>>> print(open('upload_39.json').read())   # JSON, C-alpha atoms
[["chain", "number", "residue", "atom", "x", "y", "z"],
["A", 1, "MET", "CA", -31.95, 51.35, -49.35],
["A", 2, "SER", "CA", -34.84, 49.21, -50.50],
["A", 3, "LEU", "CA", -32.67, 46.16, -49.88],
["A", 4, "ARG", "CA", -32.21, 47.22, -46.28],
["A", 5, "ILE", "CA", -35.97, 47.68, -45.86],
["A", 6, "ALA", "CA", -36.51, 44.26, -47.38],
["A", 7, "LEU", "CA", -33.96, 42.73, -45.00],
["A", 8, "ILE", "CA", -35.57, 44.39, -42.00],
["A", 9, "ALA", "CA", -38.96, 43.18, -43.15],
["A", 10, "ILE", "CA", -37.67, 39.62, -43.50],
["A", 11, "VAL", "CA", -36.08, 39.68, -40.04],
["A", 12, "LEU", "CA", -39.30, 41.06, -38.55],
["A", 13, "LEU", "CA", -41.31, 38.35, -40.26],
["A", 14, "LEU", "CA", -38.96, 35.67, -38.97],
["A", 15, "ILE", "CA", -39.12, 36.80, -35.35],
["A", 16, "ALA", "CA", -42.90, 37.41, -35.37],
["A", 17, "SER", "CA", -44.74, 34.49, -33.79],
["A", 18, "PRO", "CA", -48.03, 33.49, -35.37],
["A", 19, "ALA", "CA", -51.03, 35.13, -33.76],
["A", 20, "ARG", "CA", -52.77, 32.77, -31.36],
["A", 21, "ALA", "CA", -56.41, 32.84, -30.40],
["A", 22, "ILE", "CA", -55.37, 32.16, -26.81],
["A", 23, "ASP", "CA", -56.61, 34.75, -24.40],
["A", 24, "PRO", "CA", -54.16, 35.97, -21.77],
["A", 25, "LEU", "CA", -54.91, 33.80, -18.76],
["A", 26, "PRO", "CA", -53.29, 34.03, -15.33],
["A", 27, "PHE", "CA", -51.86, 30.54, -15.09],
["A", 28, "ALA", "CA", -50.66, 29.40, -11.68],
["A", 29, "ASP", "CA", -47.56, 27.68, -13.06],
["A", 30, "ALA", "CA", -46.03, 26.26, -16.23],
["A", 31, "GLU", "CA", -47.50, 22.82, -15.60],
["A", 32, "GLN", "CA", -51.05, 24.21, -15.50],
["A", 33, "GLU", "CA", -50.44, 26.14, -18.69],
["A", 34, "ALA", "CA", -49.10, 23.00, -20.39],
["A", 35, "ARG", "CA", -52.21, 21.04, -19.36],
["A", 36, "PHE", "CA", -54.41, 23.87, -20.61],
["A", 37, "ARG", "CA", -52.66, 23.92, -23.98],
["A", 38, "MET", "CA", -52.91, 20.14, -24.27],
["A", 39, "LEU", "CA", -56.66, 20.20, -23.52],
["A", 40, "VAL", "CA", -57.56, 23.03, -25.89],
["A", 41, "ALA", "CA", -55.48, 21.39, -28.62],
["A", 42, "GLU", "CA", -57.37, 18.10, -28.52],
["A", 43, "LEU", "CA", -60.89, 19.45, -28.09],
["A", 44, "ARG", "CA", -62.94, 20.50, -31.08],
["A", 45, "CYS", "CA", -64.75, 23.78, -31.55],
["A", 46, "LEU", "CA", -68.28, 22.78, -32.56],
["A", 47, "GLN", "CA", -69.09, 25.99, -34.36],
["A", 48, "CYS", "CA", -66.12, 25.78, -36.70],
["A", 49, "GLN", "CA", -65.72, 22.06, -36.78],
["A", 50, "ASN", "CA", -62.30, 21.73, -38.31],
["A", 51, "GLN", "CA", -60.58, 23.83, -35.69],
["A", 52, "ASN", "CA", -59.69, 22.94, -32.15],
["A", 53, "LEU", "CA", -60.48, 25.15, -29.20],
["A", 54, "ALA", "CA", -56.95, 26.53, -29.23],
["A", 55, "ASP", "CA", -57.13, 27.89, -32.76],
["A", 56, "SER", "CA", -60.73, 29.00, -32.95],
["A", 57, "ASP", "CA", -61.79, 32.59, -32.49],
["A", 58, "ALA", "CA", -65.48, 31.74, -32.20],
["A", 59, "ASP", "CA", -67.33, 32.99, -29.12],
["A", 60, "ILE", "CA", -68.13, 29.50, -27.94],
["A", 61, "ALA", "CA", -64.45, 28.53, -28.16],
["A", 62, "LYS", "CA", -63.54, 31.50, -25.98],
["A", 63, "ASP", "CA", -66.22, 30.53, -23.46],
["A", 64, "LEU", "CA", -65.05, 26.93, -23.39],
["A", 65, "ARG", "CA", -61.41, 27.97, -22.97],
["A", 66, "ARG", "CA", -62.47, 30.05, -19.99],
["A", 67, "GLU", "CA", -64.50, 27.14, -18.64],
["A", 68, "ILE", "CA", -61.51, 24.79, -18.98],
["A", 69, "PHE", "CA", -59.27, 27.32, -17.25],
["A", 70, "ASP", "CA", -61.74, 27.74, -14.39],
["A", 71, "GLN", "CA", -61.94, 23.97, -13.96],
["A", 72, "LEU", "CA", -58.13, 23.67, -13.93],
["A", 73, "GLU", "CA", -58.11, 26.34, -11.23],
["A", 74, "ALA", "CA", -60.71, 24.37, -9.30],
["A", 75, "GLY", "CA", -58.35, 21.38, -9.31],
["A", 76, "ARG", "CA", -60.21, 19.12, -11.76],
["A", 77, "THR", "CA", -58.20, 16.47, -13.57],
["A", 78, "ASP", "CA", -57.78, 16.41, -17.36],
["A", 79, "ASP", "CA", -60.07, 13.37, -17.62],
["A", 80, "GLU", "CA", -62.76, 15.10, -15.58],
["A", 81, "ILE", "CA", -62.61, 18.17, -17.80],
["A", 82, "VAL", "CA", -62.84, 16.14, -21.01],
["A", 83, "ALA", "CA", -65.74, 14.14, -19.51],
["A", 84, "PHE", "CA", -67.50, 17.40, -18.58],
["A", 85, "LEU", "CA", -67.40, 18.53, -22.21],
["A", 86, "VAL", "CA", -68.25, 15.11, -23.67],
["A", 87, "ASP", "CA", -71.34, 14.93, -21.39],
["A", 88, "ARG", "CA", -72.59, 18.20, -22.84],
["A", 89, "TYR", "CA", -71.34, 18.27, -26.41],
["A", 90, "GLY", "CA", -70.92, 14.57, -27.22],
["A", 91, "GLU", "CA", -67.94, 12.47, -28.29],
["A", 92, "PHE", "CA", -67.57, 14.75, -31.30],
["A", 93, "VAL", "CA", -65.70, 17.34, -29.21],
["A", 94, "ARG", "CA", -62.74, 14.99, -29.00],
["A", 95, "TYR", "CA", -60.30, 15.08, -31.84],
["A", 96, "ARG", "CA", -59.05, 11.67, -30.70],
["A", 97, "PRO", "CA", -62.08, 9.40, -30.46],
["A", 98, "PRO", "CA", -61.89, 6.83, -27.64],
["A", 99, "LEU", "CA", -61.54, 3.14, -28.46],
["A", 100, "ASN", "CA", -64.95, 1.53, -27.98],
["A", 101, "ALA", "CA", -67.41, -0.66, -29.87],
["A", 102, "SER", "CA", -68.63, 2.09, -32.20],
["A", 103, "THR", "CA", -65.14, 3.32, -33.06],
["A", 104, "LEU", "CA", -63.47, -0.09, -33.35],
["A", 105, "LEU", "CA", -63.65, -0.08, -37.14],
["A", 106, "LEU", "CA", -62.28, 3.46, -37.26],
["A", 107, "TRP", "CA", -59.24, 2.50, -35.19],
["A", 108, "LEU", "CA", -58.57, -0.97, -36.57],
["A", 109, "GLY", "CA", -59.91, -0.49, -40.12],
["A", 110, "PRO", "CA", -56.71, 0.85, -41.72],
["A", 111, "GLY", "CA", -54.58, -1.95, -40.20],
["A", 112, "LEU", "CA", -57.18, -4.51, -41.26],
["A", 113, "ILE", "CA", -57.20, -3.25, -44.84],
["A", 114, "LEU", "CA", -53.39, -3.24, -44.87],
["A", 115, "LEU", "CA", -53.36, -6.86, -43.66],
["A", 116, "LEU", "CA", -55.90, -7.82, -46.33],
["A", 117, "GLY", "CA", -53.83, -6.13, -49.00],
["A", 118, "VAL", "CA", -50.52, -7.68, -47.90],
["A", 119, "GLY", "CA", -52.22, -11.08, -47.61],
["A", 120, "GLY", "CA", -53.72, -10.70, -51.08],
["A", 121, "VAL", "CA", -50.36, -9.79, -52.61],
["A", 122, "LEU", "CA", -48.63, -12.74, -50.87],
["A", 123, "ILE", "CA", -51.28, -15.20, -52.08],
["A", 124, "HIS", "CA", -51.04, -13.78, -55.57],
["A", 125, "LEU", "CA", -47.22, -14.05, -55.62],
["A", 126, "ARG", "CA", -47.27, -17.63, -54.34],
["A", 127, "ARG", "CA", -49.80, -18.64, -56.97],
["A", 128, "ARG", "CA", -47.70, -17.11, -59.70],
["A", 129, "GLN", "CA", -44.64, -18.97, -58.44],
["A", 130, "GLN", "CA", -46.56, -22.23, -58.38],
["A", 131, "ALA", "CA", -47.90, -21.59, -61.85],
["A", 132, "ALA", "CA", -44.41, -20.76, -63.11],
["A", 133, "ALA", "CA", -42.69, -23.72, -61.43],
["A", 134, "PRO", "CA", -43.99, -26.60, -63.66],
["A", 135, "THR", "CA", -43.30, -24.78, -66.89],
["A", 136, "ALA", "CA", -39.73, -23.81, -66.00],
["A", 137, "PRO", "CA", -38.16, -27.33, -66.13],
["A", 138, "VAL", "CA", -39.87, -28.05, -69.42],
["A", 139, "SER", "CA", -38.38, -25.06, -71.15],
["A", 140, "ALA", "CA", -34.98, -25.56, -69.51],
["A", 141, "THR", "CA", -34.52, -29.26, -70.23],
["A", 142, "GLY", "CA", -36.59, -29.73, -73.34],
["A", 143, "PRO", "CA", -34.22, -30.40, -76.20],
["A", 144, "VAL", "CA", -36.97, -29.43, -78.62],
["A", 145, "ASP", "CA", -36.70, -25.85, -77.44],
["A", 146, "GLU", "CA", -32.97, -25.73, -78.04],
["A", 147, "ASN", "CA", -33.29, -27.08, -81.53],
["A", 148, "ASP", "CA", -36.01, -24.72, -82.44],
["A", 149, "TRP", "CA", -33.77, -21.73, -82.84],
["B", 1, "MET", "CA", -62.94, -17.37, -62.25],
["B", 2, "ILE", "CA", -66.11, -15.31, -62.37],
["B", 3, "LEU", "CA", -65.61, -14.52, -58.69],
["B", 4, "ARG", "CA", -62.08, -13.28, -59.34],
["B", 5, "LEU", "CA", -63.41, -10.89, -61.92],
["B", 6, "LEU", "CA", -66.38, -9.81, -59.85],
["B", 7, "LEU", "CA", -64.56, -9.35, -56.55],
["B", 8, "PRO", "CA", -62.90, -6.02, -57.41],
["B", 9, "LEU", "CA", -66.19, -4.77, -58.81],
["B", 10, "LEU", "CA", -68.08, -5.81, -55.66],
["B", 11, "MET", "CA", -65.47, -4.16, -53.47],
["B", 12, "PHE", "CA", -65.69, -1.02, -55.57],
["B", 13, "ILE", "CA", -69.48, -0.98, -55.28],
["B", 14, "ALA", "CA", -69.31, -1.51, -51.50],
["B", 15, "LEU", "CA", -66.82, 1.34, -51.09],
["B", 16, "THR", "CA", -68.86, 3.62, -53.34],
["B", 17, "ALA", "CA", -72.01, 2.86, -51.35],
["B", 18, "LEU", "CA", -70.19, 3.58, -48.09],
["B", 19, "LEU", "CA", -68.81, 6.89, -49.30],
["B", 20, "PHE", "CA", -72.05, 7.88, -51.01],
["B", 21, "SER", "CA", -74.06, 7.32, -47.84],
["B", 22, "GLY", "CA", -71.87, 9.91, -46.14],
["B", 23, "LEU", "CA", -72.44, 12.52, -48.86],
["B", 24, "GLY", "CA", -76.02, 13.36, -47.93],
["B", 25, "LYS", "CA", -75.27, 13.84, -44.26],
["B", 26, "ASP", "CA", -74.90, 17.31, -42.82],
["B", 27, "PRO", "CA", -71.68, 17.37, -40.78],
["B", 28, "LYS", "CA", -73.03, 20.39, -38.89],
["B", 29, "ILE", "CA", -75.63, 18.18, -37.22],
["B", 30, "VAL", "CA", -74.03, 16.79, -34.11],
["B", 31, "PRO", "CA", -76.24, 14.48, -32.05],
["B", 32, "SER", "CA", -76.71, 15.86, -28.56],
["B", 33, "PRO", "CA", -75.75, 13.51, -25.73],
["B", 34, "LEU", "CA", -78.46, 15.19, -23.63],
["B", 35, "ILE", "CA", -81.39, 13.57, -25.44],
["B", 36, "GLY", "CA", -83.18, 11.20, -23.06],
["B", 37, "LYS", "CA", -81.58, 12.87, -20.05],
["B", 38, "PRO", "CA", -83.07, 15.36, -17.57],
["B", 39, "ALA", "CA", -82.81, 18.99, -18.66],
["B", 40, "PRO", "CA", -79.83, 20.42, -16.72],
["B", 41, "ASP", "CA", -81.12, 22.48, -13.84],
["B", 42, "PHE", "CA", -80.31, 26.16, -13.61],
["B", 43, "SER", "CA", -81.29, 29.14, -11.59],
["B", 44, "LEU", "CA", -81.23, 32.36, -13.56],
["B", 45, "GLU", "CA", -82.77, 35.80, -13.32],
["B", 46, "THR", "CA", -85.69, 36.23, -15.64],
["B", 47, "LEU", "CA", -85.09, 38.67, -18.47],
["B", 48, "HIS", "CA", -87.97, 40.95, -17.55],
["B", 49, "GLN", "CA", -87.70, 40.77, -13.75],
["B", 50, "PRO", "CA", -84.13, 40.76, -12.39],
["B", 51, "ASP", "CA", -85.38, 40.02, -8.87],
["B", 52, "ARG", "CA", -87.17, 36.81, -9.92],
["B", 53, "GLN", "CA", -85.35, 33.50, -10.49],
["B", 54, "LEU", "CA", -86.35, 30.85, -12.99],
["B", 55, "SER", "CA", -85.24, 27.22, -12.67],
["B", 56, "ALA", "CA", -85.60, 24.16, -14.91],
["B", 57, "ASP", "CA", -87.22, 22.30, -12.01],
["B", 58, "SER", "CA", -90.00, 24.89, -11.74],
["B", 59, "LEU", "CA", -90.87, 24.27, -15.41],
["B", 60, "LYS", "CA", -91.65, 20.59, -14.86],
["B", 61, "GLY", "CA", -95.27, 19.47, -15.19],
["B", 62, "GLU", "CA", -95.97, 20.23, -18.83],
["B", 63, "PRO", "CA", -93.90, 19.84, -21.98],
["B", 64, "TYR", "CA", -92.23, 22.94, -23.34],
["B", 65, "LEU", "CA", -89.78, 24.19, -25.93],
["B", 66, "LEU", "CA", -86.60, 25.75, -24.60],
["B", 67, "ASN", "CA", -85.48, 28.18, -27.27],
["B", 68, "VAL", "CA", -81.96, 29.63, -27.10],
["B", 69, "PHE", "CA", -82.07, 33.10, -28.66],
["B", 70, "ALA", "CA", -80.27, 36.44, -28.65],
["B", 71, "SER", "CA", -80.76, 39.88, -30.12],
["B", 72, "TRP", "CA", -77.40, 39.57, -31.94],
["B", 73, "CYS", "CA", -78.52, 36.36, -33.64],
["B", 74, "ALA", "CA", -79.70, 36.93, -37.21],
["B", 75, "ALA", "CA", -81.13, 33.44, -37.69],
["B", 76, "CYS", "CA", -83.32, 33.97, -34.61],
["B", 77, "ARG", "CA", -85.31, 36.54, -36.57],
["B", 78, "ILE", "CA", -86.03, 33.93, -39.21],
["B", 79, "GLU", "CA", -87.54, 31.44, -36.78],
["B", 80, "HIS", "CA", -89.26, 34.05, -34.62],
["B", 81, "PRO", "CA", -92.49, 34.29, -36.67],
["B", 82, "VAL", "CA", -92.68, 30.47, -36.78],
["B", 83, "LEU", "CA", -92.43, 30.15, -33.01],
["B", 84, "GLU", "CA", -94.91, 32.99, -32.57],
["B", 85, "GLU", "CA", -97.43, 31.33, -34.87],
["B", 86, "TYR", "CA", -97.38, 28.02, -32.98],
["B", 87, "VAL", "CA", -97.66, 29.79, -29.62],
["B", 88, "ARG", "CA", -100.63, 31.78, -30.97],
["B", 89, "ARG", "CA", -102.30, 28.52, -31.99],
["B", 90, "GLY", "CA", -101.74, 27.21, -28.46],
["B", 91, "GLN", "CA", -99.75, 24.22, -29.73],
["B", 92, "ILE", "CA", -96.56, 24.86, -27.80],
["B", 93, "LYS", "CA", -95.38, 26.35, -24.56],
["B", 94, "LEU", "CA", -92.30, 28.42, -25.33],
["B", 95, "VAL", "CA", -89.58, 29.15, -22.78],
["B", 96, "GLY", "CA", -86.65, 31.35, -23.78],
["B", 97, "LEU", "CA", -83.01, 31.16, -22.82],
["B", 98, "ASN", "CA", -81.65, 34.57, -23.68],
["B", 99, "TYR", "CA", -78.06, 33.68, -24.50],
["B", 100, "LYS", "CA", -75.10, 36.02, -23.95],
["B", 101, "ASP", "CA", -77.17, 39.11, -24.52],
["B", 102, "GLN", "CA", -77.48, 42.50, -22.89],
["B", 103, "ARG", "CA", -80.77, 42.81, -21.02],
["B", 104, "ALA", "CA", -81.75, 46.10, -22.70],
["B", 105, "ASP", "CA", -80.88, 44.77, -26.17],
["B", 106, "ALA", "CA", -82.96, 41.65, -25.65],
["B", 107, "ILE", "CA", -85.96, 43.58, -24.36],
["B", 108, "ALA", "CA", -85.76, 46.03, -27.28],
["B", 109, "TRP", "CA", -85.54, 43.09, -29.70],
["B", 110, "LEU", "CA", -88.66, 41.49, -28.20],
["B", 111, "ARG", "CA", -90.50, 44.79, -28.32],
["B", 112, "ARG", "CA", -89.69, 45.08, -32.01],
["B", 113, "PHE", "CA", -90.39, 41.51, -33.12],
["B", 114, "GLY", "CA", -92.91, 40.36, -30.50],
["B", 115, "ASP", "CA", -92.61, 38.31, -27.33],
["B", 116, "PRO", "CA", -94.14, 34.82, -27.56],
["B", 117, "TYR", "CA", -92.22, 33.48, -24.55],
["B", 118, "ALA", "CA", -94.04, 32.32, -21.41],
["B", 119, "GLU", "CA", -90.81, 32.72, -19.46],
["B", 120, "ILE", "CA", -87.32, 33.91, -20.36],
["B", 121, "ALA", "CA", -84.19, 33.04, -18.41],
["B", 122, "TRP", "CA", -81.29, 35.45, -18.81],
["B", 123, "ASP", "CA", -77.99, 33.65, -19.39],
["B", 124, "ILE", "CA", -75.63, 36.61, -19.62],
["B", 125, "ASP", "CA", -72.33, 34.68, -19.58],
["B", 126, "GLY", "CA", -73.49, 31.55, -21.42],
["B", 127, "ARG", "CA", -72.74, 29.18, -18.51],
["B", 128, "VAL", "CA", -76.17, 27.57, -18.63],
["B", 129, "GLY", "CA", -75.70, 27.38, -22.39],
["B", 130, "ILE", "CA", -72.60, 25.24, -21.83],
["B", 131, "ASP", "CA", -74.59, 22.91, -19.56],
["B", 132, "TYR", "CA", -77.07, 22.46, -22.42],
["B", 133, "GLY", "CA", -74.30, 21.90, -24.97],
["B", 134, "VAL", "CA", -75.21, 25.10, -26.81],
["B", 135, "TYR", "CA", -72.65, 26.23, -29.37],
["B", 136, "GLY", "CA", -74.58, 28.95, -31.11],
["B", 137, "ALA", "CA", -78.02, 30.48, -31.36],
["B", 138, "PRO", "CA", -80.69, 29.57, -32.22],
["B", 139, "GLU", "CA", -81.03, 26.13, -30.69],
["B", 140, "THR", "CA", -84.26, 24.58, -29.54],
["B", 141, "PHE", "CA", -84.86, 21.75, -27.06],
["B", 142, "VAL", "CA", -88.07, 19.79, -26.58],
["B", 143, "VAL", "CA", -88.50, 19.01, -22.88],
["B", 144, "ASP", "CA", -91.30, 16.68, -21.77],
["B", 145, "ALA", "CA", -93.53, 17.02, -18.71],
["B", 146, "ALA", "CA", -91.10, 14.99, -16.61],
["B", 147, "GLY", "CA", -88.28, 17.38, -17.50],
["B", 148, "ILE", "CA", -86.53, 14.99, -19.90],
["B", 149, "ILE", "CA", -84.97, 16.40, -23.09],
["B", 150, "ARG", "CA", -86.57, 14.65, -26.07],
["B", 151, "TYR", "CA", -85.16, 16.49, -29.05],
["B", 152, "LYS", "CA", -82.71, 19.19, -29.99],
["B", 153, "HIS", "CA", -82.72, 21.30, -33.11],
["B", 154, "VAL", "CA", -79.76, 23.47, -34.10],
["B", 155, "GLY", "CA", -80.55, 26.44, -36.32],
["B", 156, "PRO", "CA", -83.85, 28.17, -37.05],
["B", 157, "VAL", "CA", -87.00, 26.13, -36.46],
["B", 158, "THR", "CA", -89.01, 25.83, -39.67],
["B", 159, "PRO", "CA", -92.71, 24.92, -39.99],
["B", 160, "GLU", "CA", -91.54, 21.58, -41.40],
["B", 161, "ILE", "CA", -89.38, 20.81, -38.34],
["B", 162, "MET", "CA", -92.27, 21.87, -36.14],
["B", 163, "GLU", "CA", -94.83, 19.64, -37.89],
["B", 164, "LYS", "CA", -92.61, 16.61, -38.48],
["B", 165, "GLN", "CA", -90.41, 16.52, -35.39],
["B", 166, "ILE", "CA", -91.55, 18.74, -32.56],
["B", 167, "LEU", "CA", -95.36, 18.51, -32.52],
["B", 168, "PRO", "CA", -95.44, 14.67, -32.79],
["B", 169, "LEU", "CA", -93.11, 14.50, -29.79],
["B", 170, "LEU", "CA", -95.30, 16.86, -27.79],
["B", 171, "GLN", "CA", -98.44, 14.90, -28.70],
["B", 172, "ALA", "CA", -96.80, 11.59, -27.79],
["B", 173, "GLY", "CA", -95.76, 13.09, -24.48],
["B", 174, "ASN", "CA", -99.28, 14.36, -23.80],
["B", 175, "SER", "CA", -101.04, 11.08, -24.55],
["B", 176, "SER", "CA", -98.66, 8.96, -22.49],
["B", 177, "GLY", "CA", -98.82, 11.50, -19.68],
["B", 178, "GLY", "CA", -102.62, 11.40, -19.72],
["B", 179, "GLN", "CA", -102.81, 7.66, -19.15],
["B", 180, "PRO", "CA", -102.90, 6.42, -15.57]]
>>> encode(input="upload_39.json", output="structure tokens")
Amino acid sequence: MSLRIALIAIVLLLIASPARAIDPLPFADAEQEARFRMLVAELRCLQCQNQNLADSDADIAKDLRREIFDQLEAGRTDDEIVAFLVDRYGEFVRYRPPLNASTLLLWLGPGLILLLGVGGVLIHLRRRQQAAAPTAPVSATGPVDENDW
Amino acid sequence: MILRLLLPLLMFIALTALLFSGLGKDPKIVPSPLIGKPAPDFSLETLHQPDRQLSADSLKGEPYLLNVFASWCAACRIEHPVLEEYVRRGQIKLVGLNYKDQRADAIAWLRRFGDPYAEIAWDIDGRVGIDYGVYGAPETFVVDAAGIIRYKHVGPVTPEIMEKQILPLLQAGNSSGGQP
């Protein structure tokens, strides 16, 4: 009996979809809904900074979701909507910062450090080889070595 | 040889300094892109008189503080006596943006705690708030006589913020405005 209840509970848990903070919105078509989901996923909620607008339940996130929906309805492009929010809330609302002078280090830094590291290792290996090279023939050909043991 | 020994240490010190400099920063403070730009215009009913409209343009001519507040906002009660004190001293002109609040609730709140506001615009759905980049109450903007936003403070205004940030800006605005 309890096994059956447990099984039912497991099945129910498996079919339950995680609760979303998305409000029911009357989308015109699937394409508009997809654009909406893309936008709210890559815009940050400023009140709860480590959540995007899609996941946040804060009042301001609800308001901004509604604002984004209204602008989609009004026929604005994705870029225009992101620009609208950046103009008011700053670059910080984007989860993906744009590539410009102030974010150059952020974008290229990891690759640069990787290059430095790989370069350093290569230089180190070559030096070790060069340091090892002159000693090798001596030990291999030196008859003194052979006689020693 | 010395360099080879010192290089890792120098790199470690540089990295530590970089990371340490980030420690003291408050990630909640997000610089507003509106600073240095004209205060976004709006036309809203005033809180006390539904038949009268208030606009940002009509406020031009003297510097003022635009304070975003609401009766549901606990931190607004903390800053309220501070704002009141500076209005009483005649050092600031205070304009309110009543944010996402019921009219009756806001009026009851002001009756209880006092009403230092010269004007209050009633932003029931928070649309004007979005134009100002508001993401919670309280927030306070310093707008100069020309209608340009000079400063934004998120969270309750303290006497220290008032003395060190807001009043100097207002004084600078006054003196430059007074010159021909």
>>> interface_residues(input="upload_39.json", of="chain B", to="chain A", cutoff="10 Å", atoms="all atoms listed in the file", output="ChimeraX atom specification")
/B:27-34,40,100,125-127,129-136
>>> closest_residue(input="upload_39.json", among="B:Glu85, B:Glu62, B:Glu139, B:Glu119", to="Leu170 in chain B", atoms="all atoms listed in the file")
B:Glu62
>>> closest_residue(input="upload_39.json", among="B:Arg150, B:Lys164, B:Arg77, B:Arg112", to="Ala137 in chain B", atoms="only C-alpha atoms")
B:Arg77
>>> atom_distance(input="upload_39.json", atom1="CA of Ala118 in chain B", atom2="CA of Val82 in chain B")
15.5 Å
>>> atom_distance(input="upload_39.json", atom1="CA of Pro110 in chain A", atom2="CA of Leu15 in chain B")
13.8 Å
>>> closest_residue(input="upload_39.json", among="B:Phe141, B:Tyr64, B:Trp72, B:Phe42", to="Asp123 in chain B", atoms="all atoms listed in the file")
B:Phe42
>>> residues_around(input="upload_39.json", residues="Gly147 in chain B", least_positions_apart="5", cutoff="7 Å", atoms="all atoms listed in the file", output="ChimeraX atom specification")
/B:38-39,60
>>> residues_around(input="upload_39.json", residues="Leu65 in chain B", least_positions_apart="5", cutoff="9 Å", atoms="only C-alpha atoms", output="ChimeraX atom specification")
/B:92-96,140-144,166
>>> closest_residue(input="upload_39.json", among="B:Leu169, B:Leu59, B:Ile148, B:Leu47", to="Ala106 in chain B", atoms="all atoms listed in the file")
B:Leu47
